[in-house]
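Chemist: Take this structure first; my questions come after.
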4 protein chains.
Amino acid sequence: MLPGSVASHVVLGAPDIVVLSLPEFAEQARRISRASGLPLMVDADHGYGNALNVRRTVEELEAAGVAALTIEDTLLPRRFGGPEAELIPREEFAGKLRAALDARVDPQLAIVGRSGSLQRAGLDEAVERVRVASACGVDAIFILGTRTLAEVEALYAAATVPLVLNMAPGSRDELAAKGVRIILQGNLPYFVAMQALYDAYRFIKNGGMPEDLRDQALKPELQAAALAEADYATWARDYLGPTKEPS
Amino acid sequence: MLPGSVASHVVLGAPDIVVLSLPEFAEQARRISRASGLPLMVDADHGYGNALNVRRTVEELEAAGVAALTIEDTLLPRRFGGPEAELIPREEFAGKLRAALDARVDPQLAIVGRSGSLQRAGLDEAVERVRVASACGVDAIFILGTRTLAEVEALYAAATVPLVLNMAPGSRDELAAKGVRIILQGNLPYFVAMQALYDAYRFIKNGGMPEDLRDQALKPELQAAALAEADYATWARDYLGPTKEPS
Amino acid sequence: MLPGSVASHVVLGAPDIVVLSLPEFAEQARRISRASGLPLMVDADHGYGNALNVRRTVEELEAAGVAALTIEDTLLPRRFGGPEAELIPREEFAGKLRAALDARVDPQLAIVGRSGSLQRAGLDEAVERVRVASACGVDAIFILGTRTLAEVEALYAAATVPLVLNMAPGSRDELAAKGVRIILQGNLPYFVAMQALYDAYRFIKNGGMPEDLRDQALKPELQAAALAEADYATWARDYLGPTKEPS
Amino acid sequence: MLPGSVASHVVLGAPDIVVLSLPEFAEQARRISRASGLPLMVDADHGYGNALNVRRTVEELEAAGVAALTIEDTLLPRRFGGPEAELIPREEFAGKLRAALDARVDPQLAIVGRSGSLQRAGLDEAVERVRVASACGVDAIFILGTRTLAEVEALYAAATVPLVLNMAPGSRDELAAKGVRIILQGNLPYFVAMQALYDAYRFIKNGGMPEDLRDQALKPELQAAALAEADYATWARDYLGPTKEPS
């Protein structure tokens with residue numbers, strides 16, 4: 001899962017307020033899908049504009065190799081004089097989801113409707129958003145901020161497709177029984193890596209010897225895997241010939 | 001310092017064999033210089049082709065906001081049927097350095113001649129490369145793989161500009177007295193961050209609770225600094241008006 | 001002048017409805033400024049989002065080498081259920097212009113406030129928009145659709161900086177006397193080139209010999225200028241050595 | 001067909017000497033394939049480096065949506081102290097072609113071996129290059145500079161796949177009987193458009209009225225087609241609702 005917030009940080013060093021643009025986000029998705037065989041779901045925020053921009057968002061992210069993307073019902077970026085976050089009307093959300101579904105070429109690309117309505121407008125509105133997204137034909141529905149199993153049950157009762165959650169108010173078995181197929185695990189691993197990087201730089205800045213970091217550094221066999229070294233060695237031998245040292 | 005190897009890994013997940021292209025490298029430099037006020041030196045490898053490509057390399061990296069860049073005398077990418085690394089002739093190196101110097105617009109952009117000749121052809125050749133680079137008018141010379149103070153002394157005797165090293169065969173004072181102004185500290189911090197990321201993902205994959213990673217994650221005050229949160233909050237207040245919650 | 005409409009066509013083959021993104025627009029501006037010494041003004045539309053996005057717009061376009069950019073007071077992209085074009089409130093326009101002015105690094109980058117208010121809300125509103133933009137400290141004000149000299153006079157009376165127009169209701173001298181410094185000439189040359197391309201392709205498709213197009217093609221001396229051939233020949237000789245034919 | 005020379009001109013205003021990089025070339029290919037349903041063949045030059053770079057070239061161009069690409073046996077960019085163009089050895093050419101074929105994901109992507117050997121080394125060498133490319137399993141072979149039907153016959157006798165030519169020493173029927181399936185028509189239409197653009201700008205610079213260019217400009221119905229206006233109008237109505245004018 002590539003969240004918009006992490007992409008915004010990695011690319012711009014900016015908070016999660018949609019100063020990142022679609023091609024920058026798609027480029028980050030492409031970097032990941034190019035280097036990995038794992039299916040990648042990405043948080044495409046509001047689709048980078050209105051429903052016509054949603055079409056482009058789907059086209060660019062499909063070309064970038066993602067397996068799934070979410071389109072949400074939040075007004076982004078923040079409106080002049082407005083609150084941090086507002087819901088767009090149901091009809092506008094439906095227009096965006098239909099645009100996304102129509103724009104995909106590969107039917108295996110999963111389009112997920114994502115809604116912040118539970119937190120911002122309560123369960124009844126969230127249930128209506130589930131109905132709207134289901135009626136559009138999305139492949140899954142992502143409801144943010146579920147706090148009770150009863151909520152999950154009510155949401156799934158209105159859904160014709162599986163649920164994605166970011167909060168897990170129950171065991172995996174309980175949630176699976178209520179249609180939940182994916183539970184996001186948050187972004188802490190990214191920030192763990194950032195703290196480790198900070199500590200390593202500070203260690204050197206304070207006079208530490210870089211070599212003393214070696215025990216904490218990526219193990220050679222993992223580094224070889226991360227760099228696809230075996231693939232490149234094979235390709236080099238097959239296409240460039242054996243390495244000869246100069247005489 | 002942005003090494004080519006780290007850029008290649010971050011962008012492509014590829015080893016350091018110049019499958020990364022100039023715009024991809026420049027984009028990575030731009031991401032760093034956009035988010036940071038620290039002067040950034042970058043490893044521009046061989047200048048991404050011949051001396052005409054070196055011109056473009058300097059133009060694109062200058063536009064990307066770098067403070068210094070190195071151009072090296074290695075034949076890249078690896079030649080068909082050739083060894084892992086070969087030196088280009090002195091005259092070709094000189095042509096590249098002159099092209100780089102002529103292409104910069106801002107005279108404060110530092111052009112550094114980088115040579116692998118000490119390791120590959122011995123001290124006498126390295127001394128000649130220092131003379132060549134000095135005669136071209138570079139701002140500094142980076143010699144890879146120095147192992148003794150005597151080597152550094154011999155190299156500096158042939159130089160008219162300061163030295164950059166990646167290996168420190170002496171104390172800082174000793175090296176400073178022999179013209180050394182920058183000693184690179186290697187890439188281990190990057191790989192420390194990668195190991196920390198790997199461990200965090202593995203922890204979650206093995207059933208760990210993400211919240212239990214919070215103590216290892218970037219502290220909130222560092223995260224706020226990394227995301228320039230204070231700047232964005234000020235700008236949001238100044239240009240978008242105070243946040244109002246919907247009534 | 002690079003209009004948003006032409007950029008959208010060149011990059012995407014799309015109409016002028018802001019499906020083009022900021023990095024794509026900036027890349028197009030960079031292509032032009034890289035190849036030309038002429039000052040380039042660009043139509044940055046609404047600044048690609050809210051006032052925080054305007055900041056990025058200015059940063060990216062300044063890095064792309066533009067000499068001037070316009071930020072307009074139109075709600076873009078089109079609102080769900082809304083008309084083709086709406087004005088944003090004066091205060092929001094002011095926030096965007098102040099954001100743009102604060103974001104530039106080089107004070108020689110000209111920030112131009114652009115308003116569609118004359119066409120959409122009448123002269124009184126347009127005069128107010130001129131006051132707002134002047135008070136923000138923009139370098140010039142671009143009012144679309146002026147039809148009479150009296151309008152221009154009323155607008156300039158409210159301005160503290162020069163005017164840019166896209167319609168010229170008077171002679172150059174008359175308009176210059178009323179503060180007009182730039183009159184845009186529209187995009188027809190672009191579409192003239194497109195018709196010529198279409199005709200040339202159709203000629204070949206219908207069995208014509210490509211050589212018979214040579215008289216209509218760019219003259220060799222212009223082609224040499226367009227390709228900077230003299231520069232590249234000099235650089236090749238200086239940095240790569242004289243061309244030797246293989247024996 | 002997107003030639004490297006035209007791409008270099010459009011993106012950089014530079015001559016055809018490979019100062020353009022792979023991502024810039026791929027981006028140009030993507031612009032075309034995004035806007036058009038016609039199969040696009042592109043001139044991928046030497047594959048932007050050695051055979052490992054050829055792999056990336058194929059990956060990026062396949063992602064950009066091209067239908068066919070050519071990889072040629074010219075040493076690019078020009079070697080220091082070398083002639084304008086040199087052939088790479090047959091074995092190196094074979095390594096590049098095998099790398100290209102292995103790197104494609106979609107077997108419908110056509111990989112074309114392109115050789116300048118006829119002009120630079122004569123018919124016997126060209127025949128050998130045809131054998132090499134055929135043995136690698138390419139989908140077609142592109143031989144530059146054929147001047148007689150006898151040459152075409154000799155080349156096709158060594159080939160196991162169809163030929164592509166840029167010069168047509170015979171009628172279409174004669175060439176088709178000798179395995180020729182594509183004859184490139186050169187780049188003159190591009191330069192016809194450039195001359196038309198130049199003339200239109202000069203007309204305005206000399207005081208002409210832009211409106212007087214309208215008769216030469218792209219006809220409205222062609223412009224509507226070029227901009228996919230009908231598609232966008234349908235999408236706008238379907239996803240954004242009917243346009244309402246403000247009351």
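Identifiers in this document derive from the order of the structure tokens: chains are assigned A, B, ..., residues are numbered from 1 separately in each chain, and ligands are numbered from 1 in order of occurrence.
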Chain A residues within 8 Å of chain C, counting only C-alpha atoms: which ones, as a list in words?
Modeler: Val19, Ser21, Leu22, Pro23, Glu24, Gly49, Asn50, Leu52, Asn53, Arg56, Pro77, Arg78, Arg79, Phe80 and Glu92 of chain A
Chemist: Write the residues you've just listed into a file as a PDB file, in the first residue's frame, and include N, CA and C atoms for each of them.
Modeler:
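Output below, filename result11.pdb:
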ATOM      1  N   VAL A  19      -0.158  18.687  -2.051  1.00  0.00           N
ATOM      2  CA  VAL A  19       0.678  19.514  -2.918  1.00  0.00           C
ATOM      3  C   VAL A  19       1.433  18.627  -3.909  1.00  0.00           C
ATOM      4  N   SER A  21       1.548  16.120  -7.047  1.00  0.00           N
ATOM      5  CA  SER A  21       0.713  16.042  -8.245  1.00  0.00           C
ATOM      6  C   SER A  21       0.631  14.601  -8.757  1.00  0.00           C
ATOM      7  N   LEU A  22      -0.307  14.387  -9.657  1.00  0.00           N
ATOM      8  CA  LEU A  22      -0.523  13.045 -10.190  1.00  0.00           C
ATOM      9  C   LEU A  22       0.733  12.426 -10.806  1.00  0.00           C
ATOM     10  N   PRO A  23       1.457  13.105 -11.711  1.00  0.00           N
ATOM     11  CA  PRO A  23       2.602  12.413 -12.312  1.00  0.00           C
ATOM     12  C   PRO A  23       3.674  12.057 -11.281  1.00  0.00           C
ATOM     13  N   GLU A  24       3.813  12.884 -10.256  1.00  0.00           N
ATOM     14  CA  GLU A  24       4.787  12.574  -9.215  1.00  0.00           C
ATOM     15  C   GLU A  24       4.346  11.352  -8.423  1.00  0.00           C
ATOM     16  N   GLY A  49      -8.337  16.050  -8.772  1.00  0.00           N
ATOM     17  CA  GLY A  49      -9.168  17.072  -9.418  1.00  0.00           C
ATOM     18  C   GLY A  49     -10.605  16.606  -9.486  1.00  0.00           C
ATOM     19  N   ASN A  50     -11.306  16.983 -10.543  1.00  0.00           N
ATOM     20  CA  ASN A  50     -12.695  16.530 -10.687  1.00  0.00           C
ATOM     21  C   ASN A  50     -12.730  15.170 -11.400  1.00  0.00           C
ATOM     22  N   LEU A  52     -13.018  14.279 -14.383  1.00  0.00           N
ATOM     23  CA  LEU A  52     -12.216  14.147 -15.600  1.00  0.00           C
ATOM     24  C   LEU A  52     -10.753  13.896 -15.226  1.00  0.00           C
ATOM     25  N   ASN A  53     -10.325  14.520 -14.161  1.00  0.00           N
ATOM     26  CA  ASN A  53      -8.983  14.231 -13.668  1.00  0.00           C
ATOM     27  C   ASN A  53      -8.899  12.802 -13.119  1.00  0.00           C
ATOM     28  N   ARG A  56      -7.838  10.510 -15.861  1.00  0.00           N
ATOM     29  CA  ARG A  56      -6.374  10.523 -16.083  1.00  0.00           C
ATOM     30  C   ARG A  56      -5.648   9.787 -14.955  1.00  0.00           C
ATOM     31  N   PRO A  77      -7.576  19.799  -2.884  1.00  0.00           N
ATOM     32  CA  PRO A  77      -6.967  20.217  -1.621  1.00  0.00           C
ATOM     33  C   PRO A  77      -7.923  21.091  -0.835  1.00  0.00           C
ATOM     34  N   ARG A  78      -7.527  21.447   0.387  1.00  0.00           N
ATOM     35  CA  ARG A  78      -8.382  22.214   1.292  1.00  0.00           C
ATOM     36  C   ARG A  78      -8.924  23.468   0.620  1.00  0.00           C
ATOM     37  N   ARG A  79     -10.228  23.700   0.829  1.00  0.00           N
ATOM     38  CA  ARG A  79     -10.905  24.850   0.260  1.00  0.00           C
ATOM     39  C   ARG A  79     -10.496  26.132   0.976  1.00  0.00           C
ATOM     40  N   PHE A  80     -10.422  27.239   0.250  1.00  0.00           N
ATOM     41  CA  PHE A  80     -10.162  28.554   0.850  1.00  0.00           C
ATOM     42  C   PHE A  80     -11.210  28.846   1.914  1.00  0.00           C
ATOM     43  N   GLU A  92     -21.432  13.504  -6.506  1.00  0.00           N
ATOM     44  CA  GLU A  92     -20.103  13.800  -7.036  1.00  0.00           C
ATOM     45  C   GLU A  92     -19.179  12.595  -6.834  1.00  0.00           C
TER      46      GLU A  92
END
Chemist: Write out as a list in words the set of residues from range 20-81 of chain D that DSSP, computed on the backbone, places in strand (DSSP E).
Modeler: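 Selecting the strand (DSSP E) positions of range 20-81 of chain D gives Met41, Val42, Asp43, Ala68, Leu69, Thr70, Ile71 and Glu72 of chain D.
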Chemist: For Leu69 in chain A, which of A:Leu118, A:Val112, A:Met194, A:Ala35 is the closest residue, counting only C-alpha atoms?
Modeler: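 Checking each of A:Leu118, A:Val112, A:Met194, A:Ala35 against Leu69 in chain A, counting only C-alpha atoms, the winner is A:Val112.
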Chemist: Neighbours of Val132 in chain C within 10 Å (only C-alpha atoms; same-chain residues fewer than 6 positions away dropped), as a list in words?
Modeler: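 In the requested form, the answer reads Arg90, Glu91, Phe93, Ala94, Leu97, Gly113, Ala126, Val138, Ala158 and Ala159 of chain C.
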Chemist: Suppose we keep C-alpha atoms; can you now write the selection as a short mmCIF file (atom, residue, chain, number, x, y, z; two decimals), in the first residue's frame?
Modeler:
data_model
loop_
_atom_site.label_atom_id
_atom_site.label_comp_id
_atom_site.auth_asym_id
_atom_site.auth_seq_id
_atom_site.Cartn_x
_atom_site.Cartn_y
_atom_site.Cartn_z
CA ARG C 90 -11.66 38.27 -4.31
CA GLU C 91 -10.13 37.19 -0.99
CA PHE C 93 -7.64 35.46 -5.43
CA ALA C 94 -5.64 37.71 -3.13
CA LEU C 97 -1.40 36.12 -5.48
CA GLY C 113 -2.56 38.54 -11.74
CA ALA C 126 -13.00 43.85 -12.85
CA VAL C 138 1.88 41.79 -8.49
CA ALA C 158 -7.38 51.32 -10.49
CA ALA C 159 -3.98 49.75 -11.18
#
Chemist: Run DSSP on the backbone and tell me which residues of range 39-236 of chain B come out as helix (DSSP H, G or I); list them as a VMD selection string.
Modeler: chain B and resid 51 to 63 90 to 103 117 to 121 123 to 136 149 to 157 172 to 177 188 to 205 210 to 216 220 to 226 229 to 236
